[in-house]
Every structure is written in C-alpha cells, then in structure tokens.
>>> print(open('final29.csv').read())   # CSV, C-alpha atoms
chain,number,residue,atom,x,y,z
A,1,MET,CA,38.3,64.7,-197.4
A,2,LYS,CA,41.4,62.6,-197.8
A,3,TYR,CA,40.9,58.8,-198.3
A,4,LEU,CA,43.4,55.9,-198.0
A,5,LEU,CA,42.4,53.0,-200.3
A,6,VAL,CA,44.0,49.7,-199.4
A,7,GLU,CA,43.2,47.3,-202.2
A,8,ASP,CA,45.4,45.0,-204.3
A,9,ASN,CA,43.0,44.5,-207.2
A,10,LEU,CA,44.3,47.3,-209.4
A,11,GLU,CA,41.2,47.4,-211.7
A,12,LEU,CA,38.9,47.8,-208.7
A,13,ALA,CA,41.2,50.2,-207.0
A,14,GLU,CA,41.3,52.5,-210.0
A,15,ALA,CA,37.5,52.4,-210.3
A,16,VAL,CA,37.0,53.2,-206.7
A,17,ALA,CA,39.7,55.9,-206.7
A,18,SER,CA,38.1,57.5,-209.8
A,19,ARG,CA,34.7,57.8,-208.1
A,20,ILE,CA,36.3,59.3,-205.0
A,21,ARG,CA,38.1,61.9,-207.0
A,22,LEU,CA,34.9,62.7,-209.0
A,23,ASP,CA,33.4,63.7,-205.6
A,24,GLY,CA,36.2,66.1,-205.2
A,25,HIS,CA,38.1,64.1,-202.5
A,26,THR,CA,41.8,63.1,-202.5
A,27,VAL,CA,42.9,59.5,-202.4
A,28,ASP,CA,46.1,57.6,-201.8
A,29,HIS,CA,46.3,54.0,-202.9
A,30,ALA,CA,48.2,51.2,-201.2
A,31,ALA,CA,48.3,47.7,-202.7
A,32,LYS,CA,49.9,46.1,-199.7
A,33,ILE,CA,49.7,46.3,-195.9
A,34,ALA,CA,53.3,47.6,-195.7
A,35,ASP,CA,52.4,50.5,-198.0
A,36,ALA,CA,49.3,51.2,-196.0
A,37,ILE,CA,51.3,51.4,-192.8
A,38,ALA,CA,53.8,53.8,-194.4
A,39,PHE,CA,51.0,56.0,-195.5
A,40,VAL,CA,49.3,56.3,-192.1
A,41,ASP,CA,52.6,56.9,-190.4
A,42,THR,CA,53.3,59.9,-192.6
A,43,SER,CA,49.9,61.4,-193.4
A,44,GLU,CA,46.5,62.0,-191.9
A,45,TYR,CA,43.3,60.6,-193.4
A,46,ASP,CA,39.6,61.2,-192.9
A,47,LEU,CA,38.6,57.7,-194.0
A,48,ILE,CA,40.3,54.3,-194.8
A,49,LEU,CA,38.8,51.8,-197.2
A,50,LEU,CA,40.4,48.4,-196.4
A,51,ASP,CA,40.5,45.2,-198.3
A,52,ILE,CA,41.0,42.0,-196.2
A,53,MET,CA,43.0,39.6,-198.5
A,54,LEU,CA,46.2,41.4,-199.3
A,55,PRO,CA,49.5,40.1,-200.8
A,56,ASP,CA,51.5,40.5,-197.7
A,57,GLY,CA,48.9,39.6,-195.0
A,58,ASP,CA,45.4,39.9,-193.6
A,59,GLY,CA,43.8,43.3,-193.5
A,60,ARG,CA,42.3,42.4,-190.2
A,61,HIS,CA,45.7,42.5,-188.6
A,62,PHE,CA,46.2,46.0,-190.0
A,63,LEU,CA,42.9,47.1,-188.5
A,64,LYS,CA,43.7,45.6,-185.2
A,65,GLN,CA,47.0,47.3,-185.0
A,66,HIS,CA,45.5,50.5,-186.3
A,67,ARG,CA,43.1,50.6,-183.3
A,68,ALA,CA,45.7,49.4,-180.8
A,69,ARG,CA,47.7,52.5,-181.7
A,70,LYS,CA,44.7,54.6,-180.7
A,71,ASN,CA,44.2,55.7,-184.3
A,72,PHE,CA,40.5,56.5,-184.6
A,73,THR,CA,40.3,57.2,-188.3
A,74,PRO,CA,37.1,55.5,-189.5
A,75,VAL,CA,37.6,52.3,-191.5
A,76,ILE,CA,35.2,50.7,-194.0
A,77,VAL,CA,36.2,47.1,-194.8
A,78,LEU,CA,35.7,45.8,-198.3
A,79,THR,CA,35.3,42.1,-198.0
A,80,ALA,CA,34.3,39.1,-200.1
A,81,ARG,CA,33.2,37.3,-197.0
A,82,SER,CA,29.4,37.4,-196.4
A,83,GLN,CA,28.9,35.2,-193.4
A,84,VAL,CA,27.4,37.0,-190.3
A,85,SER,CA,30.3,35.8,-188.1
A,86,ASP,CA,32.8,37.4,-190.4
A,87,ARG,CA,31.0,40.7,-190.4
A,88,ILE,CA,30.6,40.7,-186.6
A,89,GLY,CA,34.3,39.9,-186.2
A,90,LEU,CA,35.2,42.9,-188.4
A,91,LEU,CA,33.0,45.3,-186.3
A,92,ASP,CA,34.4,43.9,-183.1
A,93,LEU,CA,37.9,44.6,-184.4
A,94,GLY,CA,37.0,48.2,-184.8
A,95,ALA,CA,35.6,48.6,-188.3
A,96,ASP,CA,33.1,51.3,-188.7
A,97,ASP,CA,31.3,49.6,-191.5
A,98,TYR,CA,31.8,47.0,-194.2
A,99,LEU,CA,30.7,46.3,-197.7
A,100,THR,CA,30.6,42.9,-199.4
A,101,LYS,CA,32.2,42.5,-202.8
A,102,PRO,CA,31.0,42.9,-205.5
A,103,PHE,CA,29.4,46.2,-204.5
A,104,ASP,CA,27.7,49.1,-206.1
A,105,HIS,CA,29.9,52.3,-206.2
A,106,ALA,CA,26.9,54.5,-205.3
A,107,GLU,CA,26.3,52.5,-202.2
A,108,LEU,CA,30.0,52.7,-201.3
A,109,GLN,CA,29.8,56.5,-201.7
A,110,ALA,CA,26.7,56.7,-199.5
A,111,ARG,CA,28.3,54.5,-196.8
A,112,CYS,CA,31.4,56.8,-196.8
A,113,ARG,CA,29.2,59.9,-196.3
A,114,ALA,CA,27.3,58.2,-193.5
A,115,VAL,CA,30.5,57.1,-191.7
A,116,LEU,CA,32.1,60.5,-192.1
A,117,ARG,CA,28.9,62.2,-190.7
A,118,ARG,CA,28.9,59.9,-187.7
A,119,ASN,CA,32.5,60.5,-187.1
A,120,ALA,CA,31.9,64.3,-187.1
A,121,GLY,CA,29.0,63.8,-184.7
A,122,SER,CA,26.3,64.8,-187.1
A,123,ALA,CA,23.5,62.9,-188.8
A,124,GLN,CA,23.2,65.6,-191.4
A,125,SER,CA,25.5,67.0,-194.0
A,126,LEU,CA,24.1,70.5,-193.7
A,127,GLN,CA,26.0,72.8,-191.3
A,128,ILE,CA,24.9,76.2,-190.3
A,129,ILE,CA,27.3,78.8,-188.7
A,130,GLY,CA,25.6,82.1,-188.3
A,131,GLU,CA,24.7,83.4,-191.8
A,132,VAL,CA,26.6,80.6,-193.5
A,133,GLU,CA,25.0,77.4,-194.6
A,134,PHE,CA,27.2,74.7,-196.0
A,135,ASP,CA,26.4,71.2,-197.3
A,136,ALA,CA,29.5,69.2,-198.2
A,137,VAL,CA,27.5,66.5,-200.0
A,138,SER,CA,25.6,68.8,-202.4
A,139,GLY,CA,28.4,71.3,-202.5
A,140,HIS,CA,26.1,74.2,-201.7
A,141,LEU,CA,27.3,77.3,-199.9
A,142,ARG,CA,24.9,80.0,-198.9
A,143,VAL,CA,26.1,83.2,-197.3
A,144,ASN,CA,23.4,85.7,-196.2
A,145,GLY,CA,21.0,83.8,-198.4
A,146,ASN,CA,23.1,84.0,-201.5
A,147,THR,CA,24.1,80.7,-203.2
A,148,ILE,CA,27.8,80.4,-204.1
A,149,ASN,CA,29.2,77.7,-206.4
A,150,LEU,CA,32.5,76.3,-205.1
A,151,ARG,CA,35.2,74.6,-207.1
A,152,ASN,CA,36.2,71.1,-205.8
A,153,ARG,CA,39.4,72.2,-203.9
A,154,GLU,CA,37.5,75.2,-202.4
A,155,LEU,CA,34.7,72.9,-201.4
A,156,ARG,CA,37.0,70.4,-199.6
A,157,LEU,CA,39.1,73.1,-198.0
A,158,LEU,CA,36.0,74.8,-196.5
A,159,GLU,CA,34.7,71.4,-195.5
A,160,LEU,CA,37.9,70.7,-193.6
A,161,LEU,CA,38.0,74.1,-191.9
A,162,ILE,CA,34.4,74.0,-190.8
A,163,ALA,CA,34.7,70.5,-189.5
A,164,ASN,CA,37.7,71.7,-187.4
A,165,LYS,CA,36.4,75.2,-186.5
A,166,GLY,CA,39.0,76.9,-184.2
A,167,LYS,CA,41.8,74.5,-185.1
A,168,ILE,CA,45.0,75.9,-186.7
A,169,PHE,CA,46.2,74.3,-190.0
A,170,SER,CA,49.6,75.1,-191.4
A,171,LYS,CA,50.0,75.4,-195.1
A,172,GLN,CA,51.9,72.1,-195.3
A,173,LYS,CA,49.1,70.4,-193.3
A,174,LEU,CA,46.5,71.7,-195.7
A,175,VAL,CA,48.5,70.5,-198.7
A,176,ASP,CA,48.8,67.1,-197.0
A,177,ARG,CA,45.0,66.9,-196.4
A,178,LEU,CA,43.9,68.2,-199.8
A,179,PHE,CA,46.3,66.5,-202.1
A,180,SER,CA,47.6,63.0,-202.7
A,181,TYR,CA,51.3,62.0,-202.8
A,182,ASP,CA,51.1,61.9,-206.6
A,183,ASP,CA,50.0,65.5,-206.8
A,184,ASP,CA,52.7,68.1,-207.7
A,185,VAL,CA,51.6,71.2,-205.8
A,186,SER,CA,53.1,74.0,-203.9
A,187,GLU,CA,52.0,75.8,-200.7
A,188,ASN,CA,51.1,78.8,-202.8
A,189,ALA,CA,48.1,77.0,-204.1
A,190,ILE,CA,46.7,77.0,-200.5
A,191,GLU,CA,47.0,80.8,-200.4
A,192,VAL,CA,44.9,81.0,-203.6
A,193,TYR,CA,42.2,78.8,-202.3
A,194,ILE,CA,42.1,80.6,-198.9
A,195,GLY,CA,41.8,84.0,-200.8
A,196,ARG,CA,38.9,82.7,-202.8
A,197,LEU,CA,37.1,81.4,-199.7
A,198,ARG,CA,37.6,84.7,-197.9
A,199,LYS,CA,35.8,86.5,-200.8
A,200,HIS,CA,33.0,84.0,-200.7
A,201,LEU,CA,32.5,84.5,-196.9
A,202,GLU,CA,32.6,88.3,-197.1
A,203,GLY,CA,29.6,89.9,-195.3
A,204,SER,CA,29.3,87.0,-192.8
A,205,GLU,CA,30.7,86.6,-189.3
A,206,VAL,CA,32.7,83.5,-190.4
A,207,ARG,CA,36.3,84.4,-191.0
A,208,ILE,CA,39.5,82.6,-192.0
A,209,VAL,CA,42.2,84.1,-189.8
A,210,THR,CA,45.9,84.0,-190.7
A,211,LEU,CA,48.2,83.3,-187.7
A,212,ARG,CA,51.6,84.5,-188.8
A,213,GLY,CA,54.1,81.6,-188.7
A,214,LEU,CA,51.4,79.1,-187.8
A,215,GLY,CA,48.8,78.9,-190.5
A,216,TYR,CA,45.0,79.4,-190.8
A,217,ARG,CA,42.0,79.0,-188.6
A,218,LEU,CA,38.2,79.4,-189.2
A,219,ASP,CA,36.5,81.6,-186.6
A,220,HIS,CA,32.9,82.6,-186.0
A,221,ASP,CA,32.3,86.0,-184.5
A,222,SER,CA,29.2,85.2,-182.5
>>> encode(input="final29.csv", output="structure tokens")
Amino acid sequence: MKYLLVEDNLELAEAVASRIRLDGHTVDHAAKIADAIAFVDTSEYDLILLDIMLPDGDGRHFLKQHRARKNFTPVIVLTARSQVSDRIGLLDLGADDYLTKPFDHAELQARCRAVLRRNAGSAQSLQIIGEVEFDAVSGHLRVNGNTINLRNRELRLLELLIANKGKIFSKQKLVDRLFSYDDDVSENAIEVYIGRLRKHLEGSEVRIVTLRGLGYRLDHDS
C-alpha cells in the first residue's frame, strides 16, 4: 500500500514513516498543505494520514477540498484535539477515522489496517481466490496448501493486484504505487517482481497476465 503522511512535526513524521515502511508499505511525506495537494495531484494513494495544525493552514480545509473533488481515498486524521465536538466535526467532513495525539504506533497501524479493510469492502484481511489464500497483514501466501514466504515488494505488489483483480496496471503505475518519490527505481524492477509472483502462483488458477503495450492484470480461471 502507498501512504501519504501530512505532518509538520519532523520527529513524529519520521517515526510514523519508519513504522509504515517496516510493514512493507511505501510512504510520501508532506510537511505542508501545499505539498500534500501537489502529491495527490500527481500520485495515487491508498491511505492519507493527516495532521490538522499545519504551517500553511488547517488540515480540515484540505480534507474538505479532498472530498469536494470526489477523491475517496480514506483519511485518518491525527489531531491533538480530544473534544467530542471536534471529533464529530472531522467525521462529518469526511474523515474515515481519527487518532488523538499522543498515540501508540501499534494502535495507528491497527487503525490503518481496519480502514483499509473497510475501504476494500472486507472485514477480514484473509482473501481466498481458488487455490490461493493470501493474508496481507500476516504476509502469508498459500498456494495449493503450500506456504510461500514473500519479500516486502512482492507482498505489496500481490496485495495491490488481488485488491484490483481484473484491473490493468501499467509498469509506470505499479512503480508509482509501490515506491515513493525518493526511491530511485526503474520499470525493470516491476518485471522482476512480476516474474517472482508468477513462479509463486504456478499450479493455481490465479494468473498475472501481460497485456502488450498496456501492462499487467491478475485473472482467475474459475
């Protein structure tokens, strides 16, 4: 998954980003609303973590504009305000969840997983497609009963393809979803990860199809 973290406290931002990356996700960091707008205008995110008090404005205005533009990327607000009226206001503006500062990083990770599951229309992290069982939280992949250990990039690529089964992803789109702006990576890396996943899925009816000139798509021969 690809996260956008909007937080001006650099120490907190580095701590949160570090935990996100340890989970195998990609994260871009914006310290100002203007930077956050530039990121969402040029990239696609699975989840936004949004601070309220930012140097160039109020994060609530960003959230309001974000929803007004029909952008339904889930947003978890990180706020120092603990009054009920403040939390209700955030939810009414379109926040999917909120967490009051200071917070425990384990709780933030759990809330992120819960919001992502809800956004995908599932209350569980385990997904079963034919002979393939995949749990993006635990990182477990089972094909025909055999457990396969995935590397982080393989795990997140498979998570993305399964969540969007039947959708075509170009190499550039996959680079954008799997890596941050700071990563120096070529599209050839995607070919390597796709090749590894294909080997892992051998013997099942789940396939990663190459559409020449378009990209890749995960199909299930049911």
>>> residues_near_point(input="final29.csv", point="(24.7, 89.8, -200.8)", cutoff="9 Å", atoms="only C-alpha atoms", output="ChimeraX atom specification")
/A:143-146,202-203
>>> closest_residue(input="final29.csv", among="A:Ile20, A:Ala106, A:Leu4, A:Leu91", to="Leu50 in chain A", atoms="all atoms listed in the file")
A:Leu4
>>> residues_around(input="final29.csv", residues="Leu93 in chain A", least_positions_apart="2", cutoff="10 Å", atoms="only C-alpha atoms", output="list in words")
Arg60, His61, Leu63, Lys64, Gln65, His66, Arg67, Ala68, Arg87, Ile88, Gly89, Leu90, Leu91, Ala95 and Asp96 of chain A
>>> atom_distance(input="final29.csv", atom1="CA of Leu49 in chain A", atom2="CA of Ser18 in chain A")
13.8 Å
>>> closest_residue(input="final29.csv", among="A:Leu174, A:Ala80, A:Val206, A:Ala110", to="Glu44 in chain A", atoms="all atoms listed in the file")
A:Leu174
>>> residues_around(input="final29.csv", residues="Gly213 in chain A", least_positions_apart="3", cutoff="10 Å", atoms="all atoms listed in the file", output="list of chain:residue names")
A:Ser170, A:Lys171, A:Thr210, A:Tyr216
>>> atom_distance(input="final29.csv", atom1="CA of Val84 in chain A", atom2="CA of Tyr98 in chain A")
11.6 Å
>>> atom_distance(input="final29.csv", atom1="CA of Thr42 in chain A", atom2="CA of Arg69 in chain A")
14.3 Å
>>> decode(input="final29.csv", residues="range 140-177 of chain A", atoms="N, CA, C and O atoms", output="compact mmCIF listing (two decimals), in the first residue's frame")
# COMPACT_ATOMS: atom_id res chain seq x y z
N HIS A 140 1.19 -13.97 4.72
CA HIS A 140 1.15 -15.38 4.35
C HIS A 140 0.50 -15.57 2.98
O HIS A 140 -0.55 -15.02 2.69
N LEU A 141 1.15 -16.36 2.15
CA LEU A 141 0.59 -16.79 0.87
C LEU A 141 0.61 -18.30 0.84
O LEU A 141 1.66 -18.92 1.08
N ARG A 142 -0.55 -18.91 0.58
CA ARG A 142 -0.64 -20.36 0.45
C ARG A 142 -1.21 -20.67 -0.93
O ARG A 142 -2.25 -20.14 -1.32
N VAL A 143 -0.50 -21.51 -1.66
CA VAL A 143 -0.93 -21.94 -3.00
C VAL A 143 -1.03 -23.45 -2.99
O VAL A 143 -0.04 -24.14 -2.75
N ASN A 144 -2.25 -23.95 -3.20
CA ASN A 144 -2.49 -25.40 -3.15
C ASN A 144 -2.00 -26.01 -1.83
O ASN A 144 -1.46 -27.12 -1.80
N GLY A 145 -2.19 -25.26 -0.75
CA GLY A 145 -1.83 -25.75 0.58
C GLY A 145 -0.39 -25.54 0.97
O GLY A 145 0.00 -25.81 2.12
N ASN A 146 0.44 -25.05 0.05
CA ASN A 146 1.86 -24.82 0.34
C ASN A 146 2.08 -23.36 0.73
O ASN A 146 1.65 -22.44 0.02
N THR A 147 2.76 -23.15 1.85
CA THR A 147 3.03 -21.79 2.33
C THR A 147 4.27 -21.23 1.65
O THR A 147 5.30 -21.90 1.55
N ILE A 148 4.15 -19.99 1.18
CA ILE A 148 5.23 -19.32 0.47
C ILE A 148 5.58 -18.02 1.20
O ILE A 148 4.69 -17.25 1.56
N ASN A 149 6.85 -17.81 1.42
CA ASN A 149 7.30 -16.58 2.06
C ASN A 149 7.59 -15.52 1.00
O ASN A 149 8.36 -15.76 0.07
N LEU A 150 6.95 -14.37 1.15
CA LEU A 150 7.11 -13.29 0.19
C LEU A 150 8.02 -12.20 0.74
O LEU A 150 8.00 -11.91 1.93
N ARG A 151 8.79 -11.60 -0.14
CA ARG A 151 9.54 -10.40 0.23
C ARG A 151 8.57 -9.22 0.23
O ARG A 151 7.48 -9.29 -0.35
N ASN A 152 8.99 -8.12 0.88
CA ASN A 152 8.08 -6.99 1.07
C ASN A 152 7.47 -6.48 -0.23
O ASN A 152 6.26 -6.27 -0.33
N ARG A 153 8.29 -6.24 -1.25
CA ARG A 153 7.77 -5.69 -2.51
C ARG A 153 6.84 -6.69 -3.20
O ARG A 153 5.83 -6.30 -3.78
N GLU A 154 7.20 -7.97 -3.15
CA GLU A 154 6.33 -9.00 -3.72
C GLU A 154 4.99 -9.00 -3.00
O GLU A 154 3.92 -9.09 -3.63
N LEU A 155 5.05 -8.90 -1.68
CA LEU A 155 3.84 -8.91 -0.86
C LEU A 155 2.93 -7.74 -1.23
O LEU A 155 1.72 -7.94 -1.46
N ARG A 156 3.47 -6.54 -1.32
CA ARG A 156 2.64 -5.37 -1.60
C ARG A 156 2.15 -5.35 -3.05
O ARG A 156 1.07 -4.85 -3.33
N LEU A 157 2.95 -5.89 -3.96
CA LEU A 157 2.50 -5.98 -5.36
C LEU A 157 1.33 -6.95 -5.48
O LEU A 157 0.33 -6.65 -6.13
N LEU A 158 1.46 -8.11 -4.83
CA LEU A 158 0.36 -9.08 -4.88
C LEU A 158 -0.88 -8.52 -4.20
O LEU A 158 -2.01 -8.72 -4.67
N GLU A 159 -0.68 -7.81 -3.09
CA GLU A 159 -1.81 -7.19 -2.39
C GLU A 159 -2.55 -6.23 -3.33
O GLU A 159 -3.78 -6.22 -3.38
N LEU A 160 -1.80 -5.43 -4.06
CA LEU A 160 -2.40 -4.46 -4.98
C LEU A 160 -3.15 -5.16 -6.11
O LEU A 160 -4.28 -4.78 -6.45
N LEU A 161 -2.55 -6.20 -6.70
CA LEU A 161 -3.18 -6.89 -7.81
C LEU A 161 -4.45 -7.64 -7.38
O LEU A 161 -5.46 -7.63 -8.09
N ILE A 162 -4.39 -8.28 -6.21
CA ILE A 162 -5.56 -9.01 -5.73
C ILE A 162 -6.69 -8.06 -5.39
O ILE A 162 -7.86 -8.33 -5.69
N ALA A 163 -6.36 -6.93 -4.77
CA ALA A 163 -7.39 -5.95 -4.41
C ALA A 163 -8.05 -5.34 -5.64
O ALA A 163 -9.16 -4.81 -5.56
N ASN A 164 -7.36 -5.42 -6.79
CA ASN A 164 -7.88 -4.84 -8.03
C ASN A 164 -7.95 -5.89 -9.13
O ASN A 164 -7.59 -5.64 -10.28
N LYS A 165 -8.42 -7.08 -8.75
CA LYS A 165 -8.47 -8.21 -9.68
C LYS A 165 -9.23 -7.82 -10.95
O LYS A 165 -10.32 -7.27 -10.90
N GLY A 166 -8.61 -8.07 -12.10
CA GLY A 166 -9.23 -7.74 -13.38
C GLY A 166 -8.87 -6.36 -13.91
O GLY A 166 -9.18 -6.02 -15.05
N LYS A 167 -8.19 -5.55 -13.08
CA LYS A 167 -7.81 -4.20 -13.50
C LYS A 167 -6.40 -4.22 -14.08
O LYS A 167 -5.52 -4.92 -13.59
N ILE A 168 -6.18 -3.43 -15.14
CA ILE A 168 -4.88 -3.37 -15.79
C ILE A 168 -4.02 -2.29 -15.14
O ILE A 168 -4.47 -1.17 -14.91
N PHE A 169 -2.76 -2.66 -14.83
CA PHE A 169 -1.79 -1.72 -14.29
C PHE A 169 -0.60 -1.64 -15.23
O PHE A 169 0.02 -2.65 -15.54
N SER A 170 -0.27 -0.43 -15.66
CA SER A 170 0.94 -0.25 -16.45
C SER A 170 2.15 -0.36 -15.53
O SER A 170 2.03 -0.27 -14.30
N LYS A 171 3.33 -0.55 -16.13
CA LYS A 171 4.54 -0.61 -15.31
C LYS A 171 4.73 0.68 -14.53
O LYS A 171 5.09 0.66 -13.35
N GLN A 172 4.49 1.81 -15.20
CA GLN A 172 4.68 3.09 -14.53
C GLN A 172 3.72 3.26 -13.37
O GLN A 172 4.07 3.79 -12.32
N LYS A 173 2.48 2.80 -13.55
CA LYS A 173 1.50 2.88 -12.46
C LYS A 173 1.94 2.03 -11.28
O LYS A 173 1.79 2.43 -10.12
N LEU A 174 2.48 0.86 -11.54
CA LEU A 174 2.94 -0.01 -10.46
C LEU A 174 4.14 0.60 -9.74
O LEU A 174 4.25 0.51 -8.52
N VAL A 175 5.04 1.22 -10.50
CA VAL A 175 6.17 1.92 -9.87
C VAL A 175 5.64 3.01 -8.95
O VAL A 175 6.09 3.18 -7.81
N ASP A 176 4.65 3.75 -9.44
CA ASP A 176 4.07 4.85 -8.66
C ASP A 176 3.42 4.35 -7.38
O ASP A 176 3.52 4.99 -6.33
N ARG A 177 2.76 3.19 -7.44
CA ARG A 177 2.04 2.67 -6.28
C ARG A 177 2.95 1.98 -5.28
O ARG A 177 2.65 1.94 -4.08
